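Peer 1: Submitted below is the structure of interest, expressed as structure tokens.
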2 protein chains.
Amino acid sequence: MLQHIPTLEDIQATAQRIAPIIHRTPVLTSKSLDELSGAQLFFKCENFQKIGAFKMRGASSVGTLLDEERRQKGLATHSSGNHAQAVALTAKMLGVPAYIVMPTNAPQVKKAAVLGYGATVIDCEPTIEARKATLAQTVDKTGAYFIPPYNDYGVVAGQATSALELLDEVDHLDIVMAPVGGGGLISGTALTCHYLRPEIEVIAGEPKNADDAYRSFHSGKIEPVATTTTIADGLRTSLGEKTFGIIKEYVKDIVTVSEEEITTAMRHIWERMKIVIEPSCAVPLAVVLQQPERFQNKKIGIILTGGNVDLGKLPF
Amino acid sequence: MLQHIPTLEDIQATAQRIAPIIHRTPVLTSKSLDELSGAQLFFKCENFQKIGAFKMRGASSVGTLLDEERRQKGLATHSSGNHAQAVALTAKMLGVPAYIVMPTNAPQVKKAAVLGYGATVIDCEPTIEARKATLAQTVDKTGAYFIPPYNDYGVVAGQATSALELLDEVDHLDIVMAPVGGGGLISGTALTCHYLRPEIEVIAGEPKNADDAYRSFHSGKIEPVATTTTIADGLRTSLGEKTFGIIKEYVKDIVTVSEEEITTAMRHIWERMKIVIEPSCAVPLAVVLQQPERFQNKKIGIILTGGNVDLGKLPF
């Protein structure tokens with residue numbers, strides 16, 4: 001397991017290790033969104049990633065770090081979101097068992113997806129304490145390895161590989177943006193940019209309605225998330241100590257946006273790019289559209305985090 | 001103007017002529033849809049085409065065929081759908097005026113899109129007679145060139161270029177599929193396959209609720225569309241004499257699908273491929289899922305026609 005902030009060599013080794021398991025996702029551009037924003041935008045499409053989200057990178061990074069013996073006992077996590085599917089599919093591809101602790105109120109469709117990958121689902125009460133206790137019991141009983149959703153350097157190294165591909169494909173970026181929830185993606189992105197192109201500004205977008213990272217960034221200590229009423233359901237978590245340490249050092253700014261700005265940006269991407277994205281994905285574009293003068297004529301990479309959305313409950 | 005059924009040379013010349021105006025669209029695959037269907041599917045993504053639909057190919061084909069003098073007076077058509085936007089954008093890119101006759105009941109969003117390309121919109125009563133009469137007046141007054149939506153060999157040559165790119169990119173296809181409405185796309189597709197890979201079976205998909213092509217194919221004469229209650233709004237038109245002539249000769253089969261089958265296939269593409277497609281696009285996949293034994297293990301190219309859909313009125 002990775003016990004230190006990932007180095008460039010760690011990130012590059014991770015990319016090689018997970019290459020057989022993940023997709024190299026395409027970078028899309030949109031003339032229409034460039035005209036709308038006044039910037040030049042490059043969208044790294046993790047919505048086309050396996051399981052439909054970047055989480056596949058972090059989970060497979062840790063899964064492939066384990067030695068054969070450690071791996072055989074299986075992988076475990078607690079999650080009701082994309083990370084659950086990512087751990088389940090990683091285990092399936094490695095040919096080992098997966099144990100996913102899910103709250104009883106998790107959507108049936110999410111549970112079905114995890115079961116579809118052959119994982120064992122362990123129900124628990126929908127509290128964070130119950131999740132942790134049930135996970136601990138599960139790990140105790142099975143010996144499976146717990147892959148945390150974000151606060152883990154192996155996970156961060158995996159998420160960092162998306163920016164590695166982006167920088168490989170697009171030259172001369174001025175800015176790279178991603179949303180911030182638990183901080184795994186933005187911290188990995190910031191590391192990759194820092195190592196390869198330190199002149200790039202890495203900017204995080206966050207919903208005003210779950211602005212713990214914004215407040216933590218400015219106070220210098222982790223401020224827990226106060227409300228989680230945002231439509232960007234992937235961003236309702238609080239930062240971890242490890243991800244926050246990297247963010248403090250290497251992220252240039254965190255900008256918050258309203259629910260309406262998120263929904264508008266999401267609709268623009270759906271209508272103009274014809275791709276399905278989660279609300280969380282739309283947060284960086286919402287930031288760009290909120291401050292047109294700041295981003296005018298900049299060459300901006302935006303990581304689209306995922307496309308797992310309930311089509312029956314769209315905000316349009 | 002093209003006065004004969006396009007030859008391979010016509011289609012290749014069209015591809016060269018329109019290359020600076022259109023996108024070469026990507027071909028996407030989906031492991032999950034391959035597993036679901038038992039076939040190997042290659043989706044040619046015209047939903048990522050300029051104006052969000054393959055119609056850009058046909059309109060720009062004719063627009064670029066006109067000599068400089070003829071072109072200067074502008075381009076005209078009557079349409080409330082993708083063809084209207086395609087003619088408007090072609091005119092904009094060629095730097096000439098566009099005159100689009102639209103029924104007064106056309107959705108405001110469609111009208112706004114056409115106006116956004118700088119075209120002049122001429123309102124008319126929502127009957128086919130009023131559309132034709134208003135178009136004739138407009139052409140009379142302006143001298144603009146009328147680009148028909150499908151029943152024109154220049155348009156067919158343009159639509160044929162999508163299959164040209166598909167065959168260039170994917171080897172050894174057994175079957176190529178597209179939906180059939182007016183027949184411009186499927187006839188162009190059938191020509192390209194006939195010239196380059198005559199062993200490929202070209203199969204059209206059509207909604208049961210607008211099955212004029214199916215009935216015409218079997219009776220041998222054009223049967224007008226009887227009902228147009230299908231969700232696949234791009235397929236509510238009847239065949240033209242020119243497109244039907246090509247279809248009779250070169251299309252292997254036409255298969256009809258129910259509204260429920262279309263909606264189910266559409267949802268599969270949205271959820272698993274994370275792309276936005278119009279209902280019309282889903283018709284060929286609906287055919288494949290309807291007859292799994294027929295398509296088992298076949299290598300199938302499917303042309304996804306467009307992605308212009310009202311996000312506020314999804315059938316999910």
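Identifiers in the structure tokens: chain A, B, ... in order shown; residue index from 1 per chain; ligand index from 1 in order shown.
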So that I can see what lies close to region 1-13 of chain B, please list as a JSON list (two decimals) with C-alpha atoms, in the first residue's frame the residues with an atom at most 8 Å from it, counting only C-alpha atoms and leaving out residues fewer than 4 positions away in the same chain.

Peer 2:
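Saved the output as out23.json:
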```json
[["chain", "number", "residue", "atom", "x", "y", "z"],
["B", 17, "ARG", "CA", -15.98, 18.30, -50.75],
["B", 62, "VAL", "CA", -25.80, 20.00, -52.08],
["B", 65, "LEU", "CA", -22.23, 21.30, -55.35],
["B", 66, "LEU", "CA", -23.64, 24.68, -56.34],
["B", 152, "ASP", "CA", -32.47, 14.24, -53.95],
["B", 153, "TYR", "CA", -29.40, 12.39, -55.24],
["B", 154, "GLY", "CA", -27.05, 15.09, -53.96],
["B", 156, "VAL", "CA", -28.28, 10.91, -50.74],
["B", 157, "ALA", "CA", -24.60, 11.20, -51.73],
["B", 158, "GLY", "CA", -24.02, 13.29, -48.61],
["B", 160, "ALA", "CA", -23.77, 8.04, -47.93],
["B", 161, "THR", "CA", -20.54, 9.48, -46.53],
["B", 191, "LEU", "CA", -25.13, 2.44, -51.92],
["B", 192, "THR", "CA", -21.85, 2.81, -50.07],
["B", 195, "TYR", "CA", -20.02, -0.44, -53.87],
["B", 246, "ILE", "CA", -32.40, 2.73, -54.25]]
```

Peer 1: I'd like the contact shell of Phe217 (chain B) - 12 Å cut-off, only C-alpha atoms, skipping same-chain residues fewer than 6 positions apart - returned as number ranges by chain.

Peer 2: B: 180, 183, 203-204, 206, 211, 223-224, 239, 243-256

Peer 1: Give me the residues near Leu289 (chain A) as JSON, numbers by chain, where near means some atom within 9 Å (using only C-alpha atoms) and where sequence neighbours in that chain fewer than 5 positions away do not count.

Peer 2: {"A": [36, 37, 38, 261, 265, 284, 295]}

Peer 1: Mind checking which residues fall within 8 Å of Ser238 (chain B), counting only C-alpha atoms, ignoring those fewer than 6 positions away in the same chain, and posting them as an NGL selection string?

Peer 2: :B and (181-182 or 212-213 or 223-225)

Peer 1: Write the selection just made, keeping N, CA, C and O atoms, as an mmCIF file, in the first residue's frame?

Peer 2:
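So the final result, stored in result-v8.cif, reads:
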```cif
data_model
loop_
_atom_site.group_PDB
_atom_site.id
_atom_site.type_symbol
_atom_site.label_atom_id
_atom_site.label_comp_id
_atom_site.auth_asym_id
_atom_site.auth_seq_id
_atom_site.Cartn_x
_atom_site.Cartn_y
_atom_site.Cartn_z
ATOM 1 N N GLY B 181 -36.716 6.869 -42.564
ATOM 2 C CA GLY B 181 -37.811 7.846 -42.496
ATOM 3 C C GLY B 181 -38.149 8.210 -43.937
ATOM 4 O O GLY B 181 -38.868 7.482 -44.616
ATOM 5 N N GLY B 182 -37.544 9.270 -44.437
ATOM 6 C CA GLY B 182 -37.684 9.616 -45.852
ATOM 7 C C GLY B 182 -36.777 8.760 -46.728
ATOM 8 O O GLY B 182 -36.951 8.683 -47.935
ATOM 9 N N ASP B 212 -44.501 3.006 -43.257
ATOM 10 C CA ASP B 212 -44.696 3.174 -44.706
ATOM 11 C C ASP B 212 -43.580 2.501 -45.514
ATOM 12 O O ASP B 212 -43.844 1.895 -46.559
ATOM 13 N N ALA B 213 -42.351 2.584 -45.042
ATOM 14 C CA ALA B 213 -41.250 1.985 -45.813
ATOM 15 C C ALA B 213 -41.372 0.464 -45.815
ATOM 16 O O ALA B 213 -41.156 -0.192 -46.846
ATOM 17 N N GLU B 223 -46.092 3.440 -50.397
ATOM 18 C CA GLU B 223 -47.301 3.501 -49.587
ATOM 19 C C GLU B 223 -47.118 4.676 -48.631
ATOM 20 O O GLU B 223 -46.182 4.682 -47.843
ATOM 21 N N PRO B 224 -48.027 5.642 -48.689
ATOM 22 C CA PRO B 224 -47.820 6.797 -47.806
ATOM 23 C C PRO B 224 -47.953 6.402 -46.337
ATOM 24 O O PRO B 224 -48.605 5.417 -46.006
ATOM 25 N N VAL B 225 -47.291 7.178 -45.493
ATOM 26 C CA VAL B 225 -47.339 6.921 -44.067
ATOM 27 C C VAL B 225 -48.775 7.135 -43.582
ATOM 28 O O VAL B 225 -49.442 8.083 -43.997
#
```

Peer 1: Need to verify the contact set: Arg131 (chain A), 9 Å, only C-alpha atoms, exclusion of same-chain residues closer than 4 positions in sequence. Can you return it as JSON, numbers by chain?

Peer 2: {"A": [78, 79, 101, 102, 103, 123, 124, 125, 126, 127, 135, 136]}

Peer 1: Hey, what's within 6 Å of Ile100 (chain A) if we count only C-alpha atoms and toss same-chain stuff fewer than 2 positions away? As a list in words, please?

Peer 2: Ala76, Thr77, His78, Val121 and Ile122 of chain A

Peer 1: Would you tabulate, counting only C-alpha atoms, all residues of chain A that have an atom at most 8 Å from an atom of chain B, showing the closest pair of atoms and their distance in Å to one decimal, sorted by chain then ascending number, as CSV?

Peer 2:
```
residue,atom,partner,partner_atom,distance
A:Asn47,CA,B:Lys274,CA,6.7
A:Phe48,CA,B:Lys274,CA,6.6
A:Gly52,CA,B:Lys274,CA,7.7
A:Trp270,CA,B:Val276,CA,7.0
A:Glu271,CA,B:Asn308,CA,7.4
A:Arg272,CA,B:Gly52,CA,7.9
A:Met273,CA,B:Phe48,CA,7.0
A:Lys274,CA,B:Val276,CA,4.6
A:Ile275,CA,B:Ile275,CA,4.1
A:Val276,CA,B:Lys274,CA,4.6
A:Ile277,CA,B:Lys274,CA,7.2
A:Gly307,CA,B:Lys274,CA,6.0
A:Asn308,CA,B:Glu271,CA,7.5
A:Leu311,CA,B:Phe316,CA,6.5
A:Gly312,CA,B:Phe316,CA,5.4
A:Phe316,CA,B:Gly312,CA,5.4
```

Peer 1: If you run DSSP on the backbone here, which positions in region 31-133 of chain B get strand (DSSP E or B)? Please write them as a list in words.

Peer 2: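 So the strand (DSSP E or B) residues in region 31-133 of chain B would be Gln40, Leu41, Phe42, Phe43, Lys44, Cys45, Ala53, Leu75, Ala76, Thr77, His78, Ala98, Tyr99, Ile100, Val101, Met102, Pro103, Thr120, Val121, Ile122, Asp123 and Cys124 of chain B.
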
Peer 1: Those residues you just picked out, can you put them in a file as a tab-separated table (two decimals), in the first residue's frame with N, CA and C atoms?

Peer 2:
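Writing done, so here's selection.tsv:
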```tsv
chain	number	residue	atom	x	y	z
B	40	GLN	N	-21.78	-8.00	-31.98
B	40	GLN	CA	-20.65	-7.08	-31.80
B	40	GLN	C	-21.04	-5.78	-32.50
B	41	LEU	N	-21.30	-4.74	-31.73
B	41	LEU	CA	-21.93	-3.53	-32.27
B	41	LEU	C	-20.93	-2.38	-32.41
B	42	PHE	N	-21.01	-1.67	-33.53
B	42	PHE	CA	-20.17	-0.50	-33.79
B	42	PHE	C	-21.08	0.67	-34.10
B	43	PHE	N	-21.11	1.64	-33.20
B	43	PHE	CA	-22.04	2.75	-33.32
B	43	PHE	C	-21.37	3.96	-33.97
B	44	LYS	N	-21.85	4.34	-35.14
B	44	LYS	CA	-21.33	5.52	-35.83
B	44	LYS	C	-22.12	6.72	-35.33
B	45	CYS	N	-21.41	7.61	-34.62
B	45	CYS	CA	-22.09	8.61	-33.79
B	45	CYS	C	-22.39	9.92	-34.50
B	53	ALA	N	-26.74	16.04	-35.94
B	53	ALA	CA	-27.41	15.00	-36.73
B	53	ALA	C	-26.75	14.85	-38.10
B	75	LEU	N	-29.55	29.53	-49.80
B	75	LEU	CA	-30.12	28.18	-49.72
B	75	LEU	C	-31.48	28.27	-49.03
B	76	ALA	N	-32.38	27.40	-49.44
B	76	ALA	CA	-33.72	27.43	-48.84
B	76	ALA	C	-34.20	26.01	-48.57
B	77	THR	N	-35.09	25.88	-47.59
B	77	THR	CA	-35.80	24.61	-47.40
B	77	THR	C	-37.02	24.85	-46.53
B	78	HIS	N	-37.86	23.82	-46.46
B	78	HIS	CA	-38.93	23.84	-45.45
B	78	HIS	C	-38.73	22.64	-44.56
B	98	ALA	N	-29.65	32.02	-45.82
B	98	ALA	CA	-30.51	30.84	-45.74
B	98	ALA	C	-31.93	31.29	-45.45
B	99	TYR	N	-32.88	30.65	-46.10
B	99	TYR	CA	-34.29	30.96	-45.91
B	99	TYR	C	-35.00	29.67	-45.50
B	100	ILE	N	-35.47	29.62	-44.29
B	100	ILE	CA	-36.06	28.38	-43.79
B	100	ILE	C	-37.56	28.60	-43.52
B	101	VAL	N	-38.38	27.87	-44.27
B	101	VAL	CA	-39.82	27.93	-44.06
B	101	VAL	C	-40.17	26.96	-42.93
B	102	MET	N	-40.78	27.50	-41.88
B	102	MET	CA	-41.11	26.66	-40.71
B	102	MET	C	-42.57	26.85	-40.34
B	103	PRO	N	-43.26	25.75	-40.01
B	103	PRO	CA	-44.66	25.88	-39.59
B	103	PRO	C	-44.76	26.65	-38.28
B	120	THR	N	-32.84	33.33	-42.09
B	120	THR	CA	-34.14	33.99	-42.06
B	120	THR	C	-35.22	32.91	-41.94
B	121	VAL	N	-36.10	33.05	-40.96
B	121	VAL	CA	-37.20	32.08	-40.81
B	121	VAL	C	-38.47	32.68	-41.39
B	122	ILE	N	-39.12	31.93	-42.26
B	122	ILE	CA	-40.40	32.37	-42.83
B	122	ILE	C	-41.49	31.47	-42.27
B	123	ASP	N	-42.41	32.07	-41.51
B	123	ASP	CA	-43.50	31.30	-40.91
B	123	ASP	C	-44.52	30.88	-41.95
B	124	CYS	N	-45.13	29.72	-41.74
B	124	CYS	CA	-46.24	29.31	-42.59
B	124	CYS	C	-47.22	28.49	-41.77
```

Peer 1: Please give the complete set of residues from region 67-291 of chain A that DSSP, run on the backbone, assigns to helix (DSSP H, G or I), formatted as an NGL selection string.

Peer 2: :A and (68-72 or 82-94 or 108-116 or 128-142 or 153-169 or 184-196 or 208-210 or 212-219 or 233-235 or 241-250 or 259-273 or 279-290)

Peer 1: Just the number, please: distance in Å from CA of Phe54 (chain A) to CA of Gln159 (chain A), one decimal.

Peer 2: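 Rounded to one decimal, the two atoms are 6.8 Å apart.
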
Peer 1: Find the residue from A:Ala19, A:Val96, A:Cys281, A:Ala232 that sits nearest to Tyr145 (chain A); use only C-alpha atoms when measuring.

Peer 2: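 Under the stated criterion, the closest residue is A:Val96.
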
Peer 1: Please report the interatomic distance between CA of Lys208 (chain B) and CA of Pro107 (chain B) in Å with one decimal.

Peer 2: 25.0 Å

Peer 1: Find the distance between CA of Phe146 (chain A) and CA of Ala226 (chain A) and write it in Å to one decimal.

Peer 2: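 So the answer is 26.8 Å.
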
Peer 1: Write out as a PDB file with N, CA, C and O atoms, in the first residue's frame each polymer residue whose atoms come within 9 Å of Val114 (chain A), counting only C-alpha atoms; drop sequence neighbours fewer than 5 positions from it.

Peer 2:
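The file below, selection10.pdb, is the result:
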```
ATOM      1  N   ALA A  84     -18.606   1.914  -5.013  1.00  0.00           N
ATOM      2  CA  ALA A  84     -19.073   0.537  -4.782  1.00  0.00           C
ATOM      3  C   ALA A  84     -18.928  -0.276  -6.064  1.00  0.00           C
ATOM      4  O   ALA A  84     -18.391  -1.394  -6.058  1.00  0.00           O
ATOM      5  N   GLN A  85     -19.401   0.277  -7.169  1.00  0.00           N
ATOM      6  CA  GLN A  85     -19.306  -0.430  -8.446  1.00  0.00           C
ATOM      7  C   GLN A  85     -17.851  -0.598  -8.872  1.00  0.00           C
ATOM      8  O   GLN A  85     -17.482  -1.614  -9.475  1.00  0.00           O
ATOM      9  N   ALA A  86     -17.035   0.412  -8.583  1.00  0.00           N
ATOM     10  CA  ALA A  86     -15.624   0.359  -8.987  1.00  0.00           C
ATOM     11  C   ALA A  86     -14.895  -0.773  -8.268  1.00  0.00           C
ATOM     12  O   ALA A  86     -14.126  -1.519  -8.883  1.00  0.00           O
ATOM     13  N   VAL A  87     -15.141  -0.919  -6.968  1.00  0.00           N
ATOM     14  CA  VAL A  87     -14.499  -1.997  -6.216  1.00  0.00           C
ATOM     15  C   VAL A  87     -15.039  -3.347  -6.683  1.00  0.00           C
ATOM     16  O   VAL A  87     -14.278  -4.307  -6.866  1.00  0.00           O
ATOM     17  N   ALA A  88     -16.345  -3.409  -6.935  1.00  0.00           N
ATOM     18  CA  ALA A  88     -16.948  -4.673  -7.375  1.00  0.00           C
ATOM     19  C   ALA A  88     -16.368  -5.113  -8.719  1.00  0.00           C
ATOM     20  O   ALA A  88     -16.006  -6.282  -8.908  1.00  0.00           O
ATOM     21  N   LEU A  89     -16.257  -4.175  -9.664  1.00  0.00           N
ATOM     22  CA  LEU A  89     -15.742  -4.558 -10.987  1.00  0.00           C
ATOM     23  C   LEU A  89     -14.249  -4.870 -10.937  1.00  0.00           C
ATOM     24  O   LEU A  89     -13.773  -5.797 -11.608  1.00  0.00           O
ATOM     25  N   ILE A 100     -19.368  -5.550  -0.491  1.00  0.00           N
ATOM     26  CA  ILE A 100     -19.747  -4.136  -0.499  1.00  0.00           C
ATOM     27  C   ILE A 100     -20.822  -3.881   0.556  1.00  0.00           C
ATOM     28  O   ILE A 100     -21.927  -4.416   0.474  1.00  0.00           O
ATOM     29  N   VAL A 109     -31.247   0.291  -7.948  1.00  0.00           N
ATOM     30  CA  VAL A 109     -30.496   0.206  -9.200  1.00  0.00           C
ATOM     31  C   VAL A 109     -28.984   0.145  -8.942  1.00  0.00           C
ATOM     32  O   VAL A 109     -28.242  -0.541  -9.641  1.00  0.00           O
ATOM     33  N   ALA A 119     -20.554  -9.144  -6.905  1.00  0.00           N
ATOM     34  CA  ALA A 119     -20.122  -8.842  -5.535  1.00  0.00           C
ATOM     35  C   ALA A 119     -21.159  -9.323  -4.529  1.00  0.00           C
ATOM     36  O   ALA A 119     -22.320  -9.522  -4.864  1.00  0.00           O
ATOM     37  N   THR A 120     -20.719  -9.501  -3.301  1.00  0.00           N
ATOM     38  CA  THR A 120     -21.635  -9.757  -2.193  1.00  0.00           C
ATOM     39  C   THR A 120     -22.007  -8.418  -1.570  1.00  0.00           C
ATOM     40  O   THR A 120     -21.135  -7.615  -1.255  1.00  0.00           O
ATOM     41  N   VAL A 121     -23.311  -8.160  -1.431  1.00  0.00           N
ATOM     42  CA  VAL A 121     -23.749  -6.912  -0.802  1.00  0.00           C
ATOM     43  C   VAL A 121     -24.136  -7.198   0.633  1.00  0.00           C
ATOM     44  O   VAL A 121     -24.891  -8.142   0.904  1.00  0.00           O
TER      45      VAL A 121
END
```
